[in-house]
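The file final16.cif contains mmCIF, N, CA and C atoms:
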```cif
data_target
#
loop_
_atom_site.label_atom_id
_atom_site.label_comp_id
_atom_site.auth_asym_id
_atom_site.auth_seq_id
_atom_site.Cartn_x
_atom_site.Cartn_y
_atom_site.Cartn_z
N MET A 1 0.85 -1.17 0.00
CA MET A 1 0.00 0.00 0.00
C MET A 1 0.89 1.23 0.00
N ALA A 2 0.56 2.17 -0.81
CA ALA A 2 1.35 3.39 -0.91
C ALA A 2 1.24 4.20 0.37
N ASN A 3 2.32 4.86 0.70
CA ASN A 3 2.33 5.66 1.91
C ASN A 3 2.02 7.10 1.55
N THR A 4 0.72 7.40 1.42
CA THR A 4 0.28 8.75 1.10
C THR A 4 -0.62 9.25 2.21
N ASN A 5 -0.83 10.54 2.24
CA ASN A 5 -1.69 11.10 3.27
C ASN A 5 -3.14 10.70 3.06
N GLU A 6 -3.51 10.25 1.86
CA GLU A 6 -4.87 9.79 1.61
C GLU A 6 -5.08 8.35 2.05
N SER A 7 -4.02 7.68 2.41
CA SER A 7 -4.10 6.28 2.79
C SER A 7 -4.87 6.12 4.09
N THR A 8 -5.65 5.07 4.20
CA THR A 8 -6.39 4.77 5.41
C THR A 8 -5.44 4.50 6.57
N TRP A 9 -4.26 3.99 6.27
CA TRP A 9 -3.34 3.56 7.31
C TRP A 9 -2.47 4.69 7.84
N VAL A 10 -2.43 5.81 7.18
CA VAL A 10 -1.65 6.95 7.66
C VAL A 10 -2.61 7.88 8.36
N ASP A 11 -2.54 7.92 9.69
CA ASP A 11 -3.52 8.68 10.43
C ASP A 11 -2.97 9.98 10.99
N CYS A 12 -1.69 10.18 10.99
CA CYS A 12 -1.13 11.48 11.32
C CYS A 12 0.27 11.53 10.73
N ASP A 13 0.71 12.72 10.43
CA ASP A 13 2.01 12.87 9.79
C ASP A 13 3.12 12.43 10.72
N THR A 14 4.08 11.72 10.16
CA THR A 14 5.27 11.35 10.90
C THR A 14 6.47 11.66 10.02
N THR A 15 7.60 11.82 10.66
CA THR A 15 8.82 12.11 9.92
C THR A 15 9.41 10.79 9.40
N PRO A 16 10.25 10.88 8.38
CA PRO A 16 10.94 9.66 7.92
C PRO A 16 11.73 8.99 9.04
N ARG A 17 12.33 9.79 9.92
CA ARG A 17 13.10 9.23 11.04
C ARG A 17 12.18 8.45 11.97
N ASP A 18 10.98 9.01 12.27
CA ASP A 18 10.03 8.29 13.12
C ASP A 18 9.57 6.99 12.47
N ARG A 19 9.31 7.03 11.18
CA ARG A 19 8.89 5.80 10.48
C ARG A 19 9.99 4.76 10.51
N ARG A 20 11.22 5.18 10.29
CA ARG A 20 12.36 4.26 10.32
C ARG A 20 12.52 3.66 11.73
N ASN A 21 12.44 4.51 12.75
CA ASN A 21 12.56 4.02 14.12
C ASN A 21 11.40 3.11 14.48
N GLN A 22 10.20 3.43 14.01
CA GLN A 22 9.04 2.58 14.27
C GLN A 22 9.20 1.21 13.61
N ARG A 23 9.71 1.20 12.39
CA ARG A 23 9.97 -0.09 11.72
C ARG A 23 10.99 -0.91 12.50
N ARG A 24 11.99 -0.25 13.06
CA ARG A 24 13.01 -0.95 13.86
C ARG A 24 12.36 -1.56 15.11
N VAL A 25 11.51 -0.80 15.78
CA VAL A 25 10.81 -1.31 16.96
C VAL A 25 9.93 -2.49 16.57
N THR A 26 9.19 -2.34 15.49
CA THR A 26 8.29 -3.41 15.05
C THR A 26 9.06 -4.68 14.71
N THR A 27 10.18 -4.54 14.02
CA THR A 27 10.99 -5.71 13.66
C THR A 27 11.49 -6.42 14.91
N TRP A 28 12.03 -5.67 15.86
CA TRP A 28 12.49 -6.26 17.12
C TRP A 28 11.33 -6.92 17.86
N ALA A 29 10.18 -6.23 17.93
CA ALA A 29 9.03 -6.76 18.67
C ALA A 29 8.51 -8.05 18.05
N LEU A 30 8.48 -8.11 16.72
CA LEU A 30 8.03 -9.35 16.07
C LEU A 30 9.00 -10.50 16.33
N ALA A 31 10.30 -10.20 16.29
CA ALA A 31 11.30 -11.23 16.59
C ALA A 31 11.16 -11.71 18.04
N TRP A 32 10.94 -10.76 18.94
CA TRP A 32 10.77 -11.10 20.36
C TRP A 32 9.52 -11.95 20.56
N ALA A 33 8.39 -11.50 19.98
CA ALA A 33 7.14 -12.25 20.13
C ALA A 33 7.28 -13.65 19.53
N GLY A 34 7.92 -13.74 18.38
CA GLY A 34 8.13 -15.05 17.76
C GLY A 34 8.98 -15.96 18.64
N SER A 35 9.99 -15.39 19.28
CA SER A 35 10.84 -16.20 20.15
C SER A 35 10.09 -16.66 21.39
N VAL A 36 9.21 -15.80 21.92
CA VAL A 36 8.40 -16.19 23.08
C VAL A 36 7.48 -17.35 22.69
N LEU A 37 6.82 -17.21 21.54
CA LEU A 37 5.92 -18.28 21.08
C LEU A 37 6.68 -19.58 20.83
N ALA A 38 7.83 -19.48 20.17
CA ALA A 38 8.62 -20.68 19.87
C ALA A 38 9.13 -21.34 21.14
N ALA A 39 9.66 -20.56 22.06
CA ALA A 39 10.18 -21.13 23.31
C ALA A 39 9.04 -21.74 24.13
N THR A 40 7.91 -21.05 24.18
CA THR A 40 6.77 -21.57 24.94
C THR A 40 6.28 -22.89 24.35
N ALA A 41 6.14 -22.93 23.03
CA ALA A 41 5.70 -24.16 22.38
C ALA A 41 6.71 -25.29 22.61
N ALA A 42 7.99 -24.98 22.44
CA ALA A 42 9.02 -26.00 22.61
C ALA A 42 9.05 -26.56 24.02
N MET A 43 8.86 -25.70 25.01
CA MET A 43 8.88 -26.17 26.40
C MET A 43 7.57 -26.87 26.78
N THR A 44 6.44 -26.37 26.26
CA THR A 44 5.14 -26.95 26.58
C THR A 44 5.00 -28.35 26.01
N TRP A 45 5.45 -28.54 24.78
CA TRP A 45 5.29 -29.83 24.12
C TRP A 45 6.54 -30.70 24.21
N ASP A 46 7.43 -30.36 25.14
CA ASP A 46 8.64 -31.14 25.41
C ASP A 46 9.53 -31.35 24.20
N TRP A 47 9.52 -30.39 23.28
CA TRP A 47 10.48 -30.43 22.18
C TRP A 47 11.84 -29.97 22.70
N LEU A 48 11.79 -29.18 23.75
CA LEU A 48 13.01 -28.66 24.37
C LEU A 48 12.95 -29.08 25.83
N PRO A 49 13.76 -30.07 26.20
CA PRO A 49 13.70 -30.54 27.59
C PRO A 49 14.21 -29.48 28.56
N ALA A 50 13.77 -29.61 29.81
CA ALA A 50 14.25 -28.70 30.86
C ALA A 50 15.76 -28.85 30.98
N GLY A 51 16.39 -27.80 31.42
CA GLY A 51 17.83 -27.84 31.58
C GLY A 51 18.50 -26.77 30.73
N ALA A 52 19.67 -27.08 30.24
CA ALA A 52 20.49 -26.10 29.52
C ALA A 52 19.80 -25.55 28.28
N GLY A 53 19.13 -26.39 27.53
CA GLY A 53 18.45 -25.93 26.32
C GLY A 53 17.37 -24.91 26.61
N ALA A 54 16.59 -25.17 27.65
CA ALA A 54 15.52 -24.25 28.03
C ALA A 54 16.10 -22.94 28.55
N VAL A 55 17.21 -23.01 29.25
CA VAL A 55 17.85 -21.80 29.76
C VAL A 55 18.39 -20.97 28.61
N VAL A 56 19.00 -21.62 27.62
CA VAL A 56 19.51 -20.90 26.45
C VAL A 56 18.35 -20.25 25.69
N ALA A 57 17.26 -20.99 25.50
CA ALA A 57 16.09 -20.43 24.80
C ALA A 57 15.54 -19.23 25.55
N THR A 58 15.48 -19.32 26.87
CA THR A 58 15.01 -18.20 27.68
C THR A 58 15.97 -17.02 27.55
N GLY A 59 17.25 -17.29 27.49
CA GLY A 59 18.24 -16.23 27.30
C GLY A 59 18.07 -15.52 25.97
N VAL A 60 17.76 -16.28 24.91
CA VAL A 60 17.51 -15.68 23.60
C VAL A 60 16.27 -14.78 23.66
N VAL A 61 15.22 -15.27 24.32
CA VAL A 61 14.00 -14.46 24.49
C VAL A 61 14.33 -13.18 25.23
N LEU A 62 15.10 -13.28 26.29
CA LEU A 62 15.49 -12.11 27.08
C LEU A 62 16.28 -11.12 26.23
N LEU A 63 17.24 -11.59 25.46
CA LEU A 63 18.05 -10.70 24.63
C LEU A 63 17.20 -9.99 23.57
N LEU A 64 16.29 -10.71 22.96
CA LEU A 64 15.40 -10.08 21.98
C LEU A 64 14.47 -9.07 22.65
N GLY A 65 14.02 -9.37 23.86
CA GLY A 65 13.20 -8.43 24.62
C GLY A 65 13.98 -7.17 24.96
N LEU A 66 15.23 -7.33 25.36
CA LEU A 66 16.08 -6.17 25.64
C LEU A 66 16.32 -5.35 24.38
N GLY A 67 16.51 -6.02 23.25
CA GLY A 67 16.67 -5.31 21.98
C GLY A 67 15.43 -4.52 21.63
N THR A 68 14.26 -5.09 21.89
CA THR A 68 13.00 -4.39 21.65
C THR A 68 12.88 -3.16 22.53
N ALA A 69 13.19 -3.33 23.81
CA ALA A 69 13.12 -2.20 24.75
C ALA A 69 14.10 -1.10 24.35
N ARG A 70 15.29 -1.49 23.94
CA ARG A 70 16.29 -0.50 23.51
C ARG A 70 15.83 0.24 22.26
N ALA A 71 15.27 -0.47 21.30
CA ALA A 71 14.78 0.16 20.07
C ALA A 71 13.62 1.11 20.39
N TYR A 72 12.75 0.72 21.32
CA TYR A 72 11.63 1.58 21.69
C TYR A 72 12.12 2.83 22.42
N TRP A 73 13.08 2.65 23.31
CA TRP A 73 13.67 3.79 24.02
C TRP A 73 14.29 4.77 23.02
N HIS A 74 15.02 4.23 22.05
CA HIS A 74 15.63 5.06 21.00
C HIS A 74 14.54 5.81 20.22
N PHE A 75 13.47 5.10 19.87
CA PHE A 75 12.35 5.70 19.16
C PHE A 75 11.76 6.86 19.96
N LEU A 76 11.51 6.63 21.26
CA LEU A 76 10.92 7.68 22.10
C LEU A 76 11.84 8.89 22.23
N ARG A 77 13.13 8.66 22.36
CA ARG A 77 14.07 9.78 22.50
C ARG A 77 14.10 10.64 21.25
N GLN A 78 13.91 10.03 20.08
CA GLN A 78 14.01 10.79 18.83
C GLN A 78 12.66 11.27 18.30
N ALA A 79 11.58 10.81 18.89
CA ALA A 79 10.24 11.19 18.40
C ALA A 79 9.95 12.65 18.72
N ASP A 80 9.09 13.25 17.90
CA ASP A 80 8.69 14.63 18.20
C ASP A 80 7.78 14.64 19.42
N GLU A 81 7.48 15.84 19.90
CA GLU A 81 6.74 15.99 21.15
C GLU A 81 5.35 15.36 21.09
N LEU A 82 4.63 15.52 19.99
CA LEU A 82 3.29 14.95 19.88
C LEU A 82 3.35 13.43 19.90
N ARG A 83 4.25 12.86 19.12
CA ARG A 83 4.36 11.39 19.06
C ARG A 83 4.75 10.84 20.43
N ARG A 84 5.66 11.50 21.12
CA ARG A 84 6.07 11.08 22.46
C ARG A 84 4.87 11.15 23.42
N HIS A 85 4.07 12.21 23.29
CA HIS A 85 2.87 12.37 24.12
C HIS A 85 1.90 11.20 23.89
N ILE A 86 1.68 10.86 22.64
CA ILE A 86 0.79 9.75 22.30
C ILE A 86 1.32 8.44 22.87
N GLU A 87 2.60 8.17 22.67
CA GLU A 87 3.21 6.93 23.15
C GLU A 87 3.18 6.83 24.68
N MET A 88 3.46 7.93 25.35
CA MET A 88 3.47 7.90 26.81
C MET A 88 2.06 7.71 27.37
N GLY A 89 1.06 8.32 26.74
CA GLY A 89 -0.32 8.09 27.16
C GLY A 89 -0.72 6.63 26.99
N ALA A 90 -0.30 6.04 25.88
CA ALA A 90 -0.60 4.63 25.63
C ALA A 90 0.12 3.73 26.63
N LEU A 91 1.36 4.06 26.95
CA LEU A 91 2.09 3.28 27.96
C LEU A 91 1.40 3.37 29.32
N ALA A 92 0.94 4.57 29.68
CA ALA A 92 0.24 4.75 30.95
C ALA A 92 -1.04 3.91 30.99
N ALA A 93 -1.78 3.89 29.89
CA ALA A 93 -3.01 3.10 29.83
C ALA A 93 -2.70 1.61 29.97
N GLY A 94 -1.68 1.14 29.26
CA GLY A 94 -1.29 -0.27 29.36
C GLY A 94 -0.85 -0.65 30.76
N PHE A 95 -0.07 0.23 31.39
CA PHE A 95 0.38 -0.01 32.75
C PHE A 95 -0.82 -0.08 33.71
N ALA A 96 -1.75 0.85 33.54
CA ALA A 96 -2.92 0.88 34.42
C ALA A 96 -3.75 -0.39 34.26
N VAL A 97 -3.96 -0.83 33.03
CA VAL A 97 -4.72 -2.07 32.81
C VAL A 97 -4.02 -3.25 33.46
N GLY A 98 -2.71 -3.32 33.31
CA GLY A 98 -1.96 -4.43 33.89
C GLY A 98 -1.99 -4.43 35.40
N VAL A 99 -1.67 -3.30 35.99
CA VAL A 99 -1.60 -3.23 37.45
C VAL A 99 -2.98 -3.33 38.08
N LEU A 100 -3.90 -2.48 37.64
CA LEU A 100 -5.23 -2.49 38.25
C LEU A 100 -5.99 -3.77 37.93
N GLY A 101 -5.98 -4.16 36.66
CA GLY A 101 -6.69 -5.38 36.27
C GLY A 101 -6.06 -6.62 36.88
N GLY A 102 -4.73 -6.70 36.82
CA GLY A 102 -4.04 -7.86 37.36
C GLY A 102 -4.21 -8.00 38.87
N MET A 103 -4.06 -6.90 39.59
CA MET A 103 -4.21 -6.96 41.04
C MET A 103 -5.66 -7.25 41.43
N THR A 104 -6.61 -6.66 40.71
CA THR A 104 -8.01 -6.91 41.00
C THR A 104 -8.35 -8.38 40.77
N TRP A 105 -7.91 -8.92 39.64
CA TRP A 105 -8.19 -10.33 39.35
C TRP A 105 -7.54 -11.23 40.39
N TRP A 106 -6.31 -10.91 40.77
CA TRP A 106 -5.60 -11.72 41.75
C TRP A 106 -6.35 -11.73 43.08
N LEU A 107 -6.79 -10.55 43.52
CA LEU A 107 -7.54 -10.48 44.78
C LEU A 107 -8.84 -11.26 44.70
N LEU A 108 -9.55 -11.14 43.57
CA LEU A 108 -10.78 -11.90 43.40
C LEU A 108 -10.50 -13.41 43.38
N ALA A 109 -9.38 -13.80 42.78
CA ALA A 109 -9.01 -15.22 42.78
C ALA A 109 -8.69 -15.69 44.19
N GLN A 110 -8.04 -14.86 44.99
CA GLN A 110 -7.75 -15.21 46.38
C GLN A 110 -9.04 -15.39 47.18
N ALA A 111 -10.05 -14.60 46.81
CA ALA A 111 -11.35 -14.71 47.49
C ALA A 111 -12.17 -15.87 46.96
N GLY A 112 -11.72 -16.51 45.89
CA GLY A 112 -12.47 -17.63 45.31
C GLY A 112 -13.59 -17.21 44.38
N SER A 113 -13.62 -15.93 44.01
CA SER A 113 -14.70 -15.42 43.16
C SER A 113 -14.47 -15.68 41.68
N VAL A 114 -13.21 -15.79 41.27
CA VAL A 114 -12.87 -16.05 39.87
C VAL A 114 -11.76 -17.10 39.85
N PRO A 115 -11.60 -17.80 38.74
CA PRO A 115 -10.51 -18.77 38.67
C PRO A 115 -9.15 -18.06 38.61
N GLU A 116 -8.11 -18.74 39.06
CA GLU A 116 -6.77 -18.17 38.94
C GLU A 116 -6.41 -18.05 37.47
N MET A 117 -5.59 -17.07 37.18
CA MET A 117 -5.23 -16.79 35.80
C MET A 117 -3.71 -16.77 35.67
N ASP A 118 -3.22 -17.30 34.57
CA ASP A 118 -1.79 -17.22 34.27
C ASP A 118 -1.42 -15.76 34.06
N PHE A 119 -0.32 -15.33 34.64
CA PHE A 119 0.06 -13.92 34.58
C PHE A 119 0.39 -13.47 33.16
N ALA A 120 0.65 -14.39 32.26
CA ALA A 120 0.91 -14.01 30.86
C ALA A 120 -0.28 -13.27 30.26
N TRP A 121 -1.49 -13.57 30.73
CA TRP A 121 -2.67 -12.86 30.23
C TRP A 121 -2.66 -11.40 30.63
N VAL A 122 -2.11 -11.10 31.80
CA VAL A 122 -2.00 -9.70 32.24
C VAL A 122 -1.04 -8.95 31.31
N PHE A 123 0.08 -9.58 31.00
CA PHE A 123 1.03 -8.94 30.09
C PHE A 123 0.42 -8.74 28.71
N ALA A 124 -0.32 -9.74 28.24
CA ALA A 124 -0.97 -9.61 26.94
C ALA A 124 -1.97 -8.45 26.95
N ALA A 125 -2.73 -8.32 28.02
CA ALA A 125 -3.68 -7.21 28.13
C ALA A 125 -2.96 -5.87 28.13
N MET A 126 -1.82 -5.80 28.81
CA MET A 126 -1.04 -4.57 28.85
C MET A 126 -0.57 -4.19 27.45
N LEU A 127 -0.02 -5.16 26.73
CA LEU A 127 0.51 -4.89 25.39
C LEU A 127 -0.60 -4.51 24.42
N LEU A 128 -1.72 -5.20 24.49
CA LEU A 128 -2.83 -4.87 23.60
C LEU A 128 -3.39 -3.48 23.91
N THR A 129 -3.50 -3.15 25.19
CA THR A 129 -3.99 -1.82 25.57
C THR A 129 -3.04 -0.74 25.09
N GLN A 130 -1.74 -0.96 25.23
CA GLN A 130 -0.76 0.02 24.77
C GLN A 130 -0.87 0.22 23.26
N GLY A 131 -0.97 -0.87 22.53
CA GLY A 131 -1.10 -0.77 21.08
C GLY A 131 -2.37 -0.05 20.66
N LEU A 132 -3.47 -0.38 21.31
CA LEU A 132 -4.73 0.29 21.03
C LEU A 132 -4.65 1.77 21.40
N GLY A 133 -3.97 2.07 22.49
CA GLY A 133 -3.79 3.46 22.90
C GLY A 133 -3.03 4.28 21.89
N VAL A 134 -2.03 3.68 21.26
CA VAL A 134 -1.28 4.38 20.21
C VAL A 134 -2.20 4.65 19.02
N LEU A 135 -2.97 3.64 18.61
CA LEU A 135 -3.88 3.83 17.48
C LEU A 135 -4.91 4.92 17.76
N VAL A 136 -5.51 4.89 18.93
CA VAL A 136 -6.51 5.90 19.30
C VAL A 136 -5.87 7.29 19.38
N GLY A 137 -4.71 7.37 20.00
CA GLY A 137 -4.02 8.65 20.12
C GLY A 137 -3.64 9.24 18.77
N ARG A 138 -3.14 8.40 17.88
CA ARG A 138 -2.77 8.89 16.55
C ARG A 138 -3.99 9.35 15.78
N ARG A 139 -5.09 8.65 15.93
CA ARG A 139 -6.34 9.08 15.27
C ARG A 139 -6.84 10.39 15.87
N ARG A 140 -6.73 10.52 17.17
CA ARG A 140 -7.21 11.73 17.86
C ARG A 140 -6.49 12.97 17.36
N TYR A 141 -5.19 12.86 17.11
CA TYR A 141 -4.39 14.02 16.73
C TYR A 141 -4.15 14.09 15.22
N ALA A 142 -4.86 13.28 14.44
CA ALA A 142 -4.67 13.27 12.98
C ALA A 142 -5.16 14.59 12.37
#
```
So, in terms of structure tokens, how does the structure I just supplied come out?
Amino acid sequence: MANTNESTWVDCDTTPRDRRNQRRVTTWALAWAGSVLAATAAMTWDWLPAGAGAVVATGVVLLLGLGTARAYWHFLRQADELRRHIEMGALAAGFAVGVLGGMTWWLLAQAGSVPEMDFAWVFAAMLLTQGLGVLVGRRRYA
């Protein structure tokens, strides 16, 4: 799809530097997410036995996660003020969903009102909320 201002996918103007940095973050994030899925599947289905192999796989996931965080930090430092404002608002929303939602669910589970939940769902909710927050913020300021 062409990158024009008439495009449905371009919702607010960004600089070439922001687009390049965003692509870098996206590439790192996809590699990180893929490694999490691969390591989880390998450990869940015993393709990768516990021990050194699982530790190495976890180390690879950690390194890719650190690369993602570094790329995002670089993106935020170089982004213009509006883009940084949008990203920080989205991060705050994701954090709030994770902390408030996660703690509330945990307390309800302790009370026996809801089933216990794997904490990975809290992280997934945080990431989805942050991503949605960026989309909403970019549309708001388009």
Selection dump of the PyMOL selection byres ((chain A and resi 64) around 8), as a compact mmCIF listing (two decimals) with N, CA and C atoms, keeping the file's coordinate frame:
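Output file result_26.txt follows:
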```txt
# COMPACT_ATOMS: atom_id res chain seq x y z
N TRP A 28 12.03 -5.67 15.86
CA TRP A 28 12.49 -6.26 17.12
C TRP A 28 11.33 -6.92 17.86
N ALA A 29 10.18 -6.23 17.93
CA ALA A 29 9.03 -6.76 18.67
C ALA A 29 8.51 -8.05 18.05
N ALA A 31 10.30 -10.20 16.29
CA ALA A 31 11.30 -11.23 16.59
C ALA A 31 11.16 -11.71 18.04
N TRP A 32 10.94 -10.76 18.94
CA TRP A 32 10.77 -11.10 20.36
C TRP A 32 9.52 -11.95 20.56
N ALA A 33 8.39 -11.50 19.98
CA ALA A 33 7.14 -12.25 20.13
C ALA A 33 7.28 -13.65 19.53
N SER A 35 9.99 -15.39 19.28
CA SER A 35 10.84 -16.20 20.15
C SER A 35 10.09 -16.66 21.39
N THR A 58 15.48 -19.32 26.87
CA THR A 58 15.01 -18.20 27.68
C THR A 58 15.97 -17.02 27.55
N GLY A 59 17.25 -17.29 27.49
CA GLY A 59 18.24 -16.23 27.30
C GLY A 59 18.07 -15.52 25.97
N VAL A 60 17.76 -16.28 24.91
CA VAL A 60 17.51 -15.68 23.60
C VAL A 60 16.27 -14.78 23.66
N VAL A 61 15.22 -15.27 24.32
CA VAL A 61 14.00 -14.46 24.49
C VAL A 61 14.33 -13.18 25.23
N LEU A 62 15.10 -13.28 26.29
CA LEU A 62 15.49 -12.11 27.08
C LEU A 62 16.28 -11.12 26.23
N LEU A 63 17.24 -11.59 25.46
CA LEU A 63 18.05 -10.70 24.63
C LEU A 63 17.20 -9.99 23.57
N GLY A 65 14.02 -9.37 23.86
CA GLY A 65 13.20 -8.43 24.62
C GLY A 65 13.98 -7.17 24.96
N LEU A 66 15.23 -7.33 25.36
CA LEU A 66 16.08 -6.17 25.64
C LEU A 66 16.32 -5.35 24.38
N GLY A 67 16.51 -6.02 23.25
CA GLY A 67 16.67 -5.31 21.98
C GLY A 67 15.43 -4.52 21.63
N THR A 68 14.26 -5.09 21.89
CA THR A 68 13.00 -4.39 21.65
C THR A 68 12.88 -3.16 22.53
N ALA A 69 13.19 -3.33 23.81
CA ALA A 69 13.12 -2.20 24.75
C ALA A 69 14.10 -1.10 24.35
N ARG A 70 15.29 -1.49 23.94
CA ARG A 70 16.29 -0.50 23.51
C ARG A 70 15.83 0.24 22.26
```
Worksheet entry | Resolved residues for the PyMOL selection byres ((chain A and resi 94) around 8) as a list in words | Met88, Gly89, Ala90, Leu91, Ala92, Ala93, Phe95, Ala96, Val97, Gly98, Val99, Leu100, Ala125, Met126, Leu127, Leu128, Thr129, Gln130, Gly131 and Gly133 of chain A
What box, with edges along x, y and z, holds each listed atom of stretch 97-108 of chain A when 8 Å is added on every side, and can you state its centre and edge lengths in Å to one decimal, as AutoDock Vina command-line options?
```
--center_x -6.2 --center_y -7.1 --center_z 38.8 --size_x 25.2 --size_y 28.6 --size_z 28.0
```
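Considering the residues A:Leu48, A:Met43, A:Ala54, A:Ala71 and counting only C-alpha atoms, A:Asn21 has its shortest atom-to-atom contact with A:Ala71.
Between atom CA of A:Phe119 and atom N of A:Trp106 the interatomic distance comes to 9.4 Å.
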Fill in: Atomic distance atom CA of A:Asp118 - atom CA of A:Trp105, expressed in Å with one decimal
10.7 Å
What residues have an atom no more than 12 Å from (3.5, 15.8, 21.2) in the file's own frame, counting only C-alpha atoms, and can you write them as an mmCIF file with N, CA and C atoms, in the coordinates of the input?
```cif
data_model
loop_
_atom_site.group_PDB
_atom_site.id
_atom_site.type_symbol
_atom_site.label_atom_id
_atom_site.label_comp_id
_atom_site.auth_asym_id
_atom_site.auth_seq_id
_atom_site.Cartn_x
_atom_site.Cartn_y
_atom_site.Cartn_z
ATOM 1 N N CYS A 12 -1.690 10.180 10.990
ATOM 2 C CA CYS A 12 -1.130 11.480 11.320
ATOM 3 C C CYS A 12 0.270 11.530 10.730
ATOM 4 N N ASP A 13 0.710 12.720 10.430
ATOM 5 C CA ASP A 13 2.010 12.870 9.790
ATOM 6 C C ASP A 13 3.120 12.430 10.720
ATOM 7 N N THR A 14 4.080 11.720 10.160
ATOM 8 C CA THR A 14 5.270 11.350 10.900
ATOM 9 C C THR A 14 6.470 11.660 10.020
ATOM 10 N N LEU A 76 11.510 6.630 21.260
ATOM 11 C CA LEU A 76 10.920 7.680 22.100
ATOM 12 C C LEU A 76 11.840 8.890 22.230
ATOM 13 N N GLN A 78 13.910 10.030 20.080
ATOM 14 C CA GLN A 78 14.010 10.790 18.830
ATOM 15 C C GLN A 78 12.660 11.270 18.300
ATOM 16 N N ALA A 79 11.580 10.810 18.890
ATOM 17 C CA ALA A 79 10.240 11.190 18.400
ATOM 18 C C ALA A 79 9.950 12.650 18.720
ATOM 19 N N ASP A 80 9.090 13.250 17.900
ATOM 20 C CA ASP A 80 8.690 14.630 18.200
ATOM 21 C C ASP A 80 7.780 14.640 19.420
ATOM 22 N N GLU A 81 7.480 15.840 19.900
ATOM 23 C CA GLU A 81 6.740 15.990 21.150
ATOM 24 C C GLU A 81 5.350 15.360 21.090
ATOM 25 N N LEU A 82 4.630 15.520 19.990
ATOM 26 C CA LEU A 82 3.290 14.950 19.880
ATOM 27 C C LEU A 82 3.350 13.430 19.900
ATOM 28 N N ARG A 83 4.250 12.860 19.120
ATOM 29 C CA ARG A 83 4.360 11.390 19.060
ATOM 30 C C ARG A 83 4.750 10.840 20.430
ATOM 31 N N ARG A 84 5.660 11.500 21.120
ATOM 32 C CA ARG A 84 6.070 11.080 22.460
ATOM 33 C C ARG A 84 4.870 11.150 23.420
ATOM 34 N N HIS A 85 4.070 12.210 23.290
ATOM 35 C CA HIS A 85 2.870 12.370 24.120
ATOM 36 C C HIS A 85 1.900 11.200 23.890
ATOM 37 N N ILE A 86 1.680 10.860 22.640
ATOM 38 C CA ILE A 86 0.790 9.750 22.300
ATOM 39 C C ILE A 86 1.320 8.440 22.870
ATOM 40 N N GLU A 87 2.600 8.170 22.670
ATOM 41 C CA GLU A 87 3.210 6.930 23.150
ATOM 42 C C GLU A 87 3.180 6.830 24.680
ATOM 43 N N MET A 88 3.460 7.930 25.350
ATOM 44 C CA MET A 88 3.470 7.900 26.810
ATOM 45 C C MET A 88 2.060 7.710 27.370
ATOM 46 N N GLY A 89 1.060 8.320 26.740
ATOM 47 C CA GLY A 89 -0.320 8.090 27.160
ATOM 48 C C GLY A 89 -0.720 6.630 26.990
ATOM 49 N N GLY A 137 -4.710 7.370 20.000
ATOM 50 C CA GLY A 137 -4.020 8.650 20.120
ATOM 51 C C GLY A 137 -3.640 9.240 18.770
ATOM 52 N N ARG A 138 -3.140 8.400 17.880
ATOM 53 C CA ARG A 138 -2.770 8.890 16.550
ATOM 54 C C ARG A 138 -3.990 9.350 15.780
ATOM 55 N N ARG A 140 -6.730 10.520 17.170
ATOM 56 C CA ARG A 140 -7.210 11.730 17.860
ATOM 57 C C ARG A 140 -6.490 12.970 17.360
ATOM 58 N N TYR A 141 -5.190 12.860 17.110
ATOM 59 C CA TYR A 141 -4.390 14.020 16.730
ATOM 60 C C TYR A 141 -4.150 14.090 15.220
ATOM 61 N N ALA A 142 -4.860 13.280 14.440
ATOM 62 C CA ALA A 142 -4.670 13.270 12.980
ATOM 63 C C ALA A 142 -5.160 14.590 12.370
#
```
With only C-alpha atoms as the counted atoms, please give the residues lying no more than 9 Å from A:Gln22, apart from itself and same-chain residues fewer than 5 positions off, as an mmCIF file with N, CA and C atoms, in the frame of the given file.
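Result saved to out01.cif:
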```cif
data_model
loop_
_atom_site.group_PDB
_atom_site.id
_atom_site.type_symbol
_atom_site.label_atom_id
_atom_site.label_comp_id
_atom_site.auth_asym_id
_atom_site.auth_seq_id
_atom_site.Cartn_x
_atom_site.Cartn_y
_atom_site.Cartn_z
ATOM 1 N N ARG A 17 12.330 9.790 9.920
ATOM 2 C CA ARG A 17 13.100 9.230 11.040
ATOM 3 C C ARG A 17 12.180 8.450 11.970
ATOM 4 N N THR A 27 10.180 -4.540 14.020
ATOM 5 C CA THR A 27 10.990 -5.710 13.660
ATOM 6 C C THR A 27 11.490 -6.420 14.910
ATOM 7 N N ALA A 71 15.270 -0.470 21.300
ATOM 8 C CA ALA A 71 14.780 0.160 20.070
ATOM 9 C C ALA A 71 13.620 1.110 20.390
ATOM 10 N N TYR A 72 12.750 0.720 21.320
ATOM 11 C CA TYR A 72 11.630 1.580 21.690
ATOM 12 C C TYR A 72 12.120 2.830 22.420
ATOM 13 N N PHE A 75 13.470 5.100 19.870
ATOM 14 C CA PHE A 75 12.350 5.700 19.160
ATOM 15 C C PHE A 75 11.760 6.860 19.960
#
```
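The shortest atom-to-atom distance to A:His74, with only C-alpha atoms taken into account, belongs to A:Val25 out of A:Val25, A:Leu132, A:Leu30, A:Met117.
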Item to complete: From a DSSP pass on the backbone, collect the residues of chain A flagged as helix (DSSP H, G or I) and hand them back as a PyMOL selection string.
Response: chain A and resi 16-44+52-78+81-110+120-140
Practice prompt. Record the distance separating atom CA of A:Val122 and atom CA of A:Thr26, expressed in Å with one decimal.
Written response: 21.0 Å
